[in-house]
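Listing of work-v2.cif, mmCIF, C-alpha atoms and all ligand atoms; chains and numbers go by the auth columns
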```cif
data_model
loop_
_atom_site.group_PDB
_atom_site.id
_atom_site.type_symbol
_atom_site.label_atom_id
_atom_site.label_comp_id
_atom_site.label_asym_id
_atom_site.label_seq_id
_atom_site.Cartn_x
_atom_site.Cartn_y
_atom_site.Cartn_z
_atom_site.B_iso_or_equiv
_atom_site.auth_seq_id
_atom_site.auth_asym_id
ATOM 1 C CA MET A 1 -23.937 47.189 -15.017 0.00 1 A
ATOM 2 C CA THR A 2 -25.345 46.780 -18.517 0.00 2 A
ATOM 3 C CA LYS A 3 -26.736 43.566 -19.902 0.00 3 A
ATOM 4 C CA SER A 4 -23.802 42.988 -22.228 0.00 4 A
ATOM 5 C CA HIS A 5 -21.352 43.243 -19.325 0.00 5 A
ATOM 6 C CA ARG A 6 -23.165 40.516 -17.466 0.00 6 A
ATOM 7 C CA ARG A 7 -23.286 38.222 -20.477 0.00 7 A
ATOM 8 C CA GLU A 8 -19.583 38.233 -21.206 0.00 8 A
ATOM 9 C CA PRO A 9 -18.463 36.010 -18.327 0.00 9 A
ATOM 10 C CA ASP A 10 -21.430 33.747 -19.158 0.00 10 A
ATOM 11 C CA VAL A 11 -20.030 33.044 -22.599 0.00 11 A
ATOM 12 C CA LYS A 12 -16.536 32.493 -21.240 0.00 12 A
ATOM 13 C CA LEU A 13 -17.899 30.112 -18.630 0.00 13 A
ATOM 14 C CA ARG A 14 -19.775 28.185 -21.276 0.00 14 A
ATOM 15 C CA ILE A 15 -16.690 27.829 -23.440 0.00 15 A
ATOM 16 C CA LEU A 16 -14.708 26.702 -20.406 0.00 16 A
ATOM 17 C CA CYS A 17 -17.391 24.115 -19.574 0.00 17 A
ATOM 18 C CA LEU A 18 -17.384 22.866 -23.154 0.00 18 A
ATOM 19 C CA VAL A 19 -13.603 22.550 -23.168 0.00 19 A
ATOM 20 C CA ALA A 20 -13.712 20.714 -19.831 0.00 20 A
ATOM 21 C CA LEU A 21 -16.395 18.370 -21.144 0.00 21 A
ATOM 22 C CA LEU A 22 -14.437 17.745 -24.333 0.00 22 A
ATOM 23 C CA LEU A 23 -11.270 16.981 -22.377 0.00 23 A
ATOM 24 C CA TRP A 24 -13.222 14.643 -20.140 0.00 24 A
ATOM 25 C CA VAL A 25 -14.649 12.779 -23.135 0.00 25 A
ATOM 26 C CA VAL A 26 -11.210 12.510 -24.782 0.00 26 A
ATOM 27 C CA GLY A 27 -9.781 11.274 -21.470 0.00 27 A
ATOM 28 C CA ALA A 28 -12.550 8.709 -21.023 0.00 28 A
ATOM 29 C CA VAL A 29 -12.097 7.434 -24.586 0.00 29 A
ATOM 30 C CA LEU A 30 -8.327 7.144 -24.062 0.00 30 A
ATOM 31 C CA VAL A 31 -8.763 5.235 -20.794 0.00 31 A
ATOM 32 C CA GLY A 32 -11.282 2.936 -22.509 0.00 32 A
ATOM 33 C CA TRP A 33 -8.905 2.424 -25.429 0.00 33 A
ATOM 34 C CA VAL A 34 -6.008 1.471 -23.147 0.00 34 A
ATOM 35 C CA PHE A 35 -8.317 -0.805 -21.113 0.00 35 A
ATOM 36 C CA VAL A 36 -9.229 -2.771 -24.260 0.00 36 A
ATOM 37 C CA LYS A 37 -5.922 -2.648 -26.165 0.00 37 A
ATOM 38 C CA GLY A 38 -3.562 -2.701 -23.201 0.00 38 A
ATOM 39 C CA TRP A 39 0.008 -1.457 -23.534 0.00 39 A
ATOM 40 C CA THR A 40 1.274 -3.601 -26.390 0.00 40 A
ATOM 41 C CA MET A 41 3.499 -3.788 -29.445 0.00 41 A
ATOM 42 C CA PRO A 42 3.610 -6.441 -32.216 0.00 42 A
ATOM 43 C CA GLY A 43 6.649 -8.695 -31.743 0.00 43 A
ATOM 44 C CA ALA A 44 8.958 -10.265 -34.359 0.00 44 A
ATOM 45 C CA ASP A 45 7.792 -13.721 -33.176 0.00 45 A
ATOM 46 C CA LYS A 46 4.181 -12.917 -34.215 0.00 46 A
ATOM 47 C CA ARG A 47 3.091 -12.678 -30.594 0.00 47 A
ATOM 48 C CA LEU A 48 1.793 -9.451 -29.124 0.00 48 A
ATOM 49 C CA HIS A 49 4.311 -8.040 -26.666 0.00 49 A
ATOM 50 C CA VAL A 50 2.776 -6.622 -23.498 0.00 50 A
ATOM 51 C CA LEU A 51 4.996 -3.842 -22.192 0.00 51 A
ATOM 52 C CA LEU A 52 5.178 -3.895 -18.390 0.00 52 A
ATOM 53 C CA ALA A 53 7.435 -2.264 -15.833 0.00 53 A
ATOM 54 C CA PRO A 54 10.101 -4.720 -14.530 0.00 54 A
ATOM 55 C CA ALA A 55 8.333 -5.161 -11.165 0.00 55 A
ATOM 56 C CA GLU A 56 4.977 -5.777 -12.891 0.00 56 A
ATOM 57 C CA ARG A 57 6.565 -8.321 -15.222 0.00 57 A
ATOM 58 C CA ASP A 58 8.120 -10.108 -12.229 0.00 58 A
ATOM 59 C CA GLN A 59 4.733 -10.165 -10.518 0.00 59 A
ATOM 60 C CA VAL A 60 2.939 -11.681 -13.527 0.00 60 A
ATOM 61 C CA LEU A 61 5.690 -14.260 -14.138 0.00 61 A
ATOM 62 C CA GLY A 62 5.662 -15.149 -10.424 0.00 62 A
ATOM 63 C CA GLU A 63 1.923 -15.750 -10.700 0.00 63 A
ATOM 64 C CA MET A 64 2.535 -17.911 -13.770 0.00 64 A
ATOM 65 C CA ARG A 65 4.920 -20.134 -11.845 0.00 65 A
ATOM 66 C CA LEU A 66 2.268 -20.501 -9.126 0.00 66 A
ATOM 67 C CA LEU A 67 -0.241 -21.546 -11.812 0.00 67 A
ATOM 68 C CA LEU A 68 2.135 -24.265 -12.993 0.00 68 A
ATOM 69 C CA LYS A 69 2.627 -25.380 -9.366 0.00 69 A
ATOM 70 C CA ALA A 70 -1.158 -25.605 -9.001 0.00 70 A
ATOM 71 C CA VAL A 71 -1.421 -27.795 -12.120 0.00 71 A
ATOM 72 C CA HIS A 72 1.417 -29.930 -10.745 0.00 72 A
ATOM 73 C CA GLY A 73 -0.350 -30.257 -7.377 0.00 73 A
ATOM 74 C CA VAL A 74 -3.621 -31.367 -8.986 0.00 74 A
ATOM 75 C CA VAL A 75 -1.965 -33.918 -11.274 0.00 75 A
ATOM 76 C CA THR A 76 0.206 -35.282 -8.438 0.00 76 A
ATOM 77 C CA GLY A 77 -2.783 -35.568 -6.103 0.00 77 A
ATOM 78 C CA LEU A 78 -4.938 -37.367 -8.649 0.00 78 A
ATOM 79 C CA GLY A 79 -2.220 -39.793 -9.703 0.00 79 A
ATOM 80 C CA SER A 80 -1.536 -40.980 -6.181 0.00 80 A
ATOM 81 C CA GLN A 81 -2.617 -44.320 -4.633 0.00 81 A
ATOM 82 C CA ASP A 82 -3.832 -42.870 -1.321 0.00 82 A
ATOM 83 C CA GLN A 83 -6.990 -41.380 -2.812 0.00 83 A
ATOM 84 C CA GLN A 84 -8.444 -39.688 0.272 0.00 84 A
ATOM 85 C CA ALA A 85 -5.361 -37.797 1.477 0.00 85 A
ATOM 86 C CA ASP A 86 -4.327 -36.766 -1.988 0.00 86 A
ATOM 87 C CA ARG A 87 -7.698 -35.528 -3.122 0.00 87 A
ATOM 88 C CA LYS A 88 -7.318 -32.989 -0.337 0.00 88 A
ATOM 89 C CA GLN A 89 -3.902 -32.023 -1.695 0.00 89 A
ATOM 90 C CA ALA A 90 -5.301 -31.712 -5.219 0.00 90 A
ATOM 91 C CA GLU A 91 -8.199 -29.587 -3.974 0.00 91 A
ATOM 92 C CA GLN A 92 -5.851 -27.241 -2.101 0.00 92 A
ATOM 93 C CA ALA A 93 -3.577 -26.949 -5.118 0.00 93 A
ATOM 94 C CA ALA A 94 -6.510 -25.994 -7.353 0.00 94 A
ATOM 95 C CA ARG A 95 -7.865 -23.538 -4.795 0.00 95 A
ATOM 96 C CA SER A 96 -4.486 -21.796 -4.536 0.00 96 A
ATOM 97 C CA ALA A 97 -4.891 -20.675 -8.159 0.00 97 A
ATOM 98 C CA GLY A 98 -8.524 -19.595 -7.752 0.00 98 A
ATOM 99 C CA MET A 99 -9.967 -16.079 -7.695 0.00 99 A
ATOM 100 C CA GLY A 100 -8.166 -15.439 -4.396 0.00 100 A
ATOM 101 C CA MET A 101 -4.923 -15.248 -6.371 0.00 101 A
ATOM 102 C CA ALA A 102 -6.274 -12.459 -8.580 0.00 102 A
ATOM 103 C CA ALA A 103 -7.654 -10.367 -5.720 0.00 103 A
ATOM 104 C CA ASP A 104 -4.746 -7.984 -5.169 0.00 104 A
ATOM 105 C CA VAL A 105 -3.638 -7.155 -8.721 0.00 105 A
ATOM 106 C CA ASN A 106 -2.946 -3.432 -8.989 0.00 106 A
ATOM 107 C CA PRO A 107 -5.099 -1.324 -11.356 0.00 107 A
ATOM 108 C CA ALA A 108 -2.126 0.169 -13.268 0.00 108 A
ATOM 109 C CA LEU A 109 -0.962 -3.313 -14.191 0.00 109 A
ATOM 110 C CA MET A 110 -4.494 -4.421 -15.099 0.00 110 A
ATOM 111 C CA ALA A 111 -4.821 -1.439 -17.466 0.00 111 A
ATOM 112 C CA LYS A 112 -1.710 -2.479 -19.418 0.00 112 A
ATOM 113 C CA LEU A 113 -3.012 -6.009 -20.077 0.00 113 A
ATOM 114 C CA PRO A 114 -5.171 -6.299 -23.233 0.00 114 A
ATOM 115 C CA LEU A 115 -8.831 -7.180 -22.642 0.00 115 A
ATOM 116 C CA PRO A 116 -8.646 -10.790 -23.985 0.00 116 A
ATOM 117 C CA PHE A 117 -5.585 -11.344 -21.726 0.00 117 A
ATOM 118 C CA LYS A 118 -7.576 -10.169 -18.684 0.00 118 A
ATOM 119 C CA GLN A 119 -10.591 -12.272 -19.682 0.00 119 A
ATOM 120 C CA MET A 120 -8.544 -15.442 -20.219 0.00 120 A
ATOM 121 C CA GLY A 121 -6.641 -14.879 -16.977 0.00 121 A
ATOM 122 C CA MET A 122 -9.817 -14.354 -14.950 0.00 122 A
ATOM 123 C CA SER A 123 -11.571 -17.353 -16.508 0.00 123 A
ATOM 124 C CA VAL A 124 -8.582 -19.533 -15.570 0.00 124 A
ATOM 125 C CA HIS A 125 -8.764 -18.382 -11.918 0.00 125 A
ATOM 126 C CA LYS A 126 -12.549 -18.904 -11.857 0.00 126 A
ATOM 127 C CA ASP A 127 -12.229 -22.406 -13.301 0.00 127 A
ATOM 128 C CA PHE A 128 -9.530 -23.355 -10.786 0.00 128 A
ATOM 129 C CA ASP A 129 -12.120 -22.591 -8.073 0.00 129 A
ATOM 130 C CA GLY A 130 -14.622 -24.744 -9.984 0.00 130 A
ATOM 131 C CA LEU A 131 -12.004 -27.479 -10.192 0.00 131 A
ATOM 132 C CA ALA A 132 -11.355 -27.321 -6.434 0.00 132 A
ATOM 133 C CA ASP A 133 -15.119 -27.618 -5.776 0.00 133 A
ATOM 134 C CA ALA A 134 -15.399 -30.555 -8.187 0.00 134 A
ATOM 135 C CA ILE A 135 -12.533 -32.395 -6.475 0.00 135 A
ATOM 136 C CA ALA A 136 -14.144 -31.777 -3.069 0.00 136 A
ATOM 137 C CA GLN A 137 -17.501 -33.020 -4.365 0.00 137 A
ATOM 138 C CA GLY A 138 -15.955 -36.292 -5.506 0.00 138 A
ATOM 139 C CA GLU A 139 -16.055 -35.994 -9.298 0.00 139 A
ATOM 140 C CA THR A 140 -14.300 -38.885 -11.063 0.00 140 A
ATOM 141 C CA PRO A 141 -10.663 -38.498 -12.148 0.00 141 A
ATOM 142 C CA ALA A 142 -11.828 -38.455 -15.786 0.00 142 A
ATOM 143 C CA GLN A 143 -14.199 -35.551 -15.110 0.00 143 A
ATOM 144 C CA ILE A 144 -11.495 -33.706 -13.218 0.00 144 A
ATOM 145 C CA MET A 145 -8.967 -34.272 -16.014 0.00 145 A
ATOM 146 C CA HIS A 146 -11.524 -32.907 -18.457 0.00 146 A
ATOM 147 C CA ARG A 147 -11.803 -29.707 -16.396 0.00 147 A
ATOM 148 C CA LEU A 148 -8.036 -29.440 -16.073 0.00 148 A
ATOM 149 C CA ALA A 149 -7.575 -29.864 -19.826 0.00 149 A
ATOM 150 C CA SER A 150 -9.995 -27.014 -20.447 0.00 150 A
ATOM 151 C CA ILE A 151 -7.818 -24.838 -18.197 0.00 151 A
ATOM 152 C CA THR A 152 -4.461 -25.889 -19.671 0.00 152 A
ATOM 153 C CA GLY A 153 -5.907 -25.234 -23.131 0.00 153 A
ATOM 154 C CA ARG A 154 -6.138 -21.593 -22.121 0.00 154 A
ATOM 155 C CA CYS A 155 -2.562 -21.601 -20.739 0.00 155 A
ATOM 156 C CA THR A 156 -1.275 -22.666 -24.151 0.00 156 A
ATOM 157 C CA THR A 157 -3.572 -20.344 -26.129 0.00 157 A
ATOM 158 C CA CYS A 158 -2.457 -17.335 -24.138 0.00 158 A
ATOM 159 C CA HIS A 159 1.218 -18.309 -24.419 0.00 159 A
ATOM 160 C CA ASP A 160 0.808 -18.516 -28.202 0.00 160 A
ATOM 161 C CA LEU A 161 -0.650 -15.009 -28.324 0.00 161 A
ATOM 162 C CA TYR A 162 1.385 -12.918 -25.879 0.00 162 A
ATOM 163 C CA ARG A 163 4.890 -12.245 -24.625 0.00 163 A
ATOM 164 C CA LEU A 164 6.215 -10.185 -21.754 0.00 164 A
ATOM 165 C CA PRO A 165 9.528 -8.911 -23.101 0.00 165 A
ATOM 166 C CA ALA A 166 12.192 -7.900 -20.598 0.00 166 A
ATOM 167 C CA GLY A 167 12.978 -4.172 -20.688 0.00 167 A
ATOM 168 C CA PRO A 168 15.384 -2.719 -23.293 0.00 168 A
HETATM 169 C C1 LIG B . -3.866 -14.607 -19.981 0.00 201 B
HETATM 170 C C2 LIG B . -2.675 -15.137 -20.527 0.00 201 B
HETATM 171 C C3 LIG B . -2.001 -16.298 -19.860 0.00 201 B
HETATM 172 C C4 LIG B . -2.596 -17.387 -19.290 0.00 201 B
HETATM 173 C C5 LIG B . -4.085 -17.733 -19.217 0.00 201 B
HETATM 174 C C6 LIG B . -1.538 -18.204 -18.777 0.00 201 B
HETATM 175 N N1 LIG B . -0.324 -17.608 -19.022 0.00 201 B
HETATM 176 FE FE1 LIG B . 1.481 -18.287 -18.424 0.00 201 B
HETATM 177 N N2 LIG B . 2.400 -16.714 -19.296 0.00 201 B
HETATM 178 C C7 LIG B . 1.760 -15.744 -20.021 0.00 201 B
HETATM 179 C C8 LIG B . 2.754 -14.877 -20.628 0.00 201 B
HETATM 180 C C9 LIG B . 2.453 -13.683 -21.518 0.00 201 B
HETATM 181 C C10 LIG B . 4.002 -15.346 -20.218 0.00 201 B
HETATM 182 C C11 LIG B . 5.371 -14.774 -20.615 0.00 201 B
HETATM 183 C C12 LIG B . 5.800 -15.505 -21.878 0.00 201 B
HETATM 184 C C13 LIG B . 7.011 -14.890 -22.543 0.00 201 B
HETATM 185 O O1 LIG B . 7.316 -13.705 -22.343 0.00 201 B
HETATM 186 O O2 LIG B . 7.653 -15.619 -23.322 0.00 201 B
HETATM 187 C C14 LIG B . 3.754 -16.493 -19.381 0.00 201 B
HETATM 188 C C15 LIG B . 4.751 -17.242 -18.760 0.00 201 B
HETATM 189 C C16 LIG B . 4.526 -18.395 -18.040 0.00 201 B
HETATM 190 C C17 LIG B . 5.543 -19.154 -17.367 0.00 201 B
HETATM 191 C C18 LIG B . 7.017 -18.803 -17.288 0.00 201 B
HETATM 192 C C19 LIG B . 7.248 -18.032 -15.989 0.00 201 B
HETATM 193 C C20 LIG B . 8.652 -17.456 -15.856 0.00 201 B
HETATM 194 O O3 LIG B . 9.072 -17.262 -14.715 0.00 201 B
HETATM 195 O O4 LIG B . 9.281 -17.171 -16.866 0.00 201 B
HETATM 196 C C21 LIG B . 4.934 -20.237 -16.807 0.00 201 B
HETATM 197 C C22 LIG B . 5.576 -21.349 -15.990 0.00 201 B
HETATM 198 C C23 LIG B . 3.511 -20.145 -17.110 0.00 201 B
HETATM 199 N N3 LIG B . 3.299 -19.006 -17.856 0.00 201 B
HETATM 200 C C24 LIG B . 2.571 -21.069 -16.714 0.00 201 B
HETATM 201 C C25 LIG B . 1.209 -20.961 -16.987 0.00 201 B
HETATM 202 C C26 LIG B . 0.223 -21.977 -16.659 0.00 201 B
HETATM 203 C C27 LIG B . 0.518 -23.311 -16.011 0.00 201 B
HETATM 204 C C28 LIG B . -0.990 -21.494 -17.060 0.00 201 B
HETATM 205 C C29 LIG B . -2.357 -22.122 -16.958 0.00 201 B
HETATM 206 C C30 LIG B . -2.762 -22.753 -15.757 0.00 201 B
HETATM 207 C C31 LIG B . -0.745 -20.187 -17.627 0.00 201 B
HETATM 208 N N4 LIG B . 0.591 -19.909 -17.582 0.00 201 B
HETATM 209 C C32 LIG B . -1.744 -19.393 -18.134 0.00 201 B
HETATM 210 C C33 LIG B . 0.408 -15.580 -20.176 0.00 201 B
HETATM 211 C C34 LIG B . -0.572 -16.450 -19.707 0.00 201 B
#
```
Write out the structure in this file as structure tokens.
Amino acid sequence: MTKSHRREPDVKLRILCLVALLLWVVGAVLVGWVFVKGWTMPGADKRLHVLLAPAERDQVLGEMRLLLKAVHGVVTGLGSQDQQADRKQAEQAARSAGMGMAADVNPALMAKLPLPFKQMGMSVHKDFDGLADAIAQGETPAQIMHRLASITGRCTTCHDLYRLPAGP
């Protein structure tokens, strides 16, 4: 075999490696782009529409209704006369919307949500855990209301920014 014969596959291999590397970089950039931007479209109502599969949309909306139930449980517990029993109820309600709720979200769905949506959602779950701890540690109703208001502020901000349109 001559030298030139041995070099030829070398060059081909290098080109192949370069192409593979390039494809990998393009793929990584695309995945990063989707992770930040999510799967969205501007809506006529000025909100950003997040485009989910019907089952994913049902899952997110189901979680939303649980969040509202948690808020309801906290407010009901705090407003009651029987302080001891109902603090426990308020604590459990807050805990139900903590990080445990976010544990089993599937990665495909997570990828479609824009980054600020994910961040706001996670911070709400984290603060519900903080709220549950605060209730258990005996913070005053005013302190607890202050925490709750910081959470509900994010509910309303996110609702002003995003929509989950039903399929076509
Ligand atoms: C990260 C964004 C985000 C946060 C935070 C958020 N929501 Fe939502 N929520 C949405 C979106 C988007 C919808 C769908 C709105 C639409 O399509 O009109 C929704 C819908 C809902 C619905 C309607 C559910 C249904 O079945 O139609 C309820 C109830 C709700 N949210 C409650 C809450 C409560 C309570 C909180 C705070 C404790 C909260 N959400 C926090 C994004 C959010």
- Item | Residues matched by the PyMOL selection byres (((chain A and resi 60-76) around 8) and not hetatm) as a ChimeraX atom specification | /A:56-59,77-80,89-91,93-94,96-97,148
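Across the model, the gap from atom C16 of ligand LIG 201 (chain B) to atom CA of Asp133 of chain A is 24.9 Å.
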- Selection near Lys112 of chain A, 7 Å with only C-alpha atoms, sequence-local residues under 3 positions removed, as a ChimeraX atom specification: /A:34,38-39,108-109
- Which residue gives the smallest distance to His49 of chain A among A:Gly32, A:Lys37, A:Asp127, A:Thr152, with only C-alpha atoms counted?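 Looking at the shortest contact to His49 of chain A, the residue is A:Lys37.
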Coordinates of box centre and edge lengths for ligand LIG 201 (chain B), 8 Å on every side, axis-aligned, as lines of an AutoDock Vina configuration file:
```
center_x = 2.6
center_y = -18.5
center_z = -19.0
size_x = 29.4
size_y = 25.6
size_z = 24.6
```
- Evaluate the PyMOL selection byres (((chain A and resi 150) around 12) and not hetatm) and report residues as a PyMOL selection string: chain A and resi 71+120+123-124+127-128+130-131+143-149+151-157
Take the residues that were just selected and, keeping C-alpha atoms, output them as an mmCIF file, in the coordinates of the input.
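What ended up in result14.cif:
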```
data_model
loop_
_atom_site.group_PDB
_atom_site.id
_atom_site.type_symbol
_atom_site.label_atom_id
_atom_site.label_comp_id
_atom_site.auth_asym_id
_atom_site.auth_seq_id
_atom_site.Cartn_x
_atom_site.Cartn_y
_atom_site.Cartn_z
ATOM 1 C CA VAL A 71 -1.421 -27.795 -12.120
ATOM 2 C CA MET A 120 -8.544 -15.442 -20.219
ATOM 3 C CA SER A 123 -11.571 -17.353 -16.508
ATOM 4 C CA VAL A 124 -8.582 -19.533 -15.570
ATOM 5 C CA ASP A 127 -12.229 -22.406 -13.301
ATOM 6 C CA PHE A 128 -9.530 -23.355 -10.786
ATOM 7 C CA GLY A 130 -14.622 -24.744 -9.984
ATOM 8 C CA LEU A 131 -12.004 -27.479 -10.192
ATOM 9 C CA GLN A 143 -14.199 -35.551 -15.110
ATOM 10 C CA ILE A 144 -11.495 -33.706 -13.218
ATOM 11 C CA MET A 145 -8.967 -34.272 -16.014
ATOM 12 C CA HIS A 146 -11.524 -32.907 -18.457
ATOM 13 C CA ARG A 147 -11.803 -29.707 -16.396
ATOM 14 C CA LEU A 148 -8.036 -29.440 -16.073
ATOM 15 C CA ALA A 149 -7.575 -29.864 -19.826
ATOM 16 C CA ILE A 151 -7.818 -24.838 -18.197
ATOM 17 C CA THR A 152 -4.461 -25.889 -19.671
ATOM 18 C CA GLY A 153 -5.907 -25.234 -23.131
ATOM 19 C CA ARG A 154 -6.138 -21.593 -22.121
ATOM 20 C CA CYS A 155 -2.562 -21.601 -20.739
ATOM 21 C CA THR A 156 -1.275 -22.666 -24.151
ATOM 22 C CA THR A 157 -3.572 -20.344 -26.129
#
```
- Minimum-distance residue to ligand LIG 201 (chain B), chosen among A:Ala85, A:Val25, A:Ala102, A:Cys158 (using all atoms listed in the file):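 Looking only at the distances to ligand LIG 201 (chain B), the closest residue turns out to be A:Cys158.
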- Just how far from atom C28 of ligand LIG 201 (chain B) is atom CA of Leu164 of chain A, in Å to one decimal?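 Computing it gives 14.2 Å between the two atoms.
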- A:Ala134, A:Ala103, A:Ala142, A:Val50: which is nearest ligand LIG 201 (chain B), counting only C-alpha atoms and all ligand atoms? A:Val50
- Message: Ranking A:Leu21, A:Ile135, A:Val105, A:Leu51 by minimum distance to ligand LIG 201 (chain B) and counting only C-alpha atoms and all ligand atoms, which one comes first?
- Response: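 Going through A:Leu21, A:Ile135, A:Val105, A:Leu51 one by one, the smallest distance to ligand LIG 201 (chain B) is for A:Leu51.
Between atom CA of Pro165 of chain A and atom CA of Leu113 of chain A the interatomic distance comes to 13.2 Å.
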- Message: Using all atoms listed in the file for the distances, tell me which of A:Val11, A:Leu52, A:Leu30, A:Val19 is nearest to ligand LIG 201 (chain B).
- Response: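 Among the listed residues, the smallest separation from ligand LIG 201 (chain B) belongs to A:Leu52.
Shortest atom-to-atom contact with Gly100 of chain A among A:Gln81, A:Lys126, A:Leu115, A:Ile15: A:Lys126, counting all atoms listed in the file.
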- Query: Got a sec to check which residues sit within 9 Å of (-14.8, -41.3, 1.0), counting all atoms listed in the file, and write them as a list in words?
  - Reply: Gln83, Gln84 and Gly138 of chain A
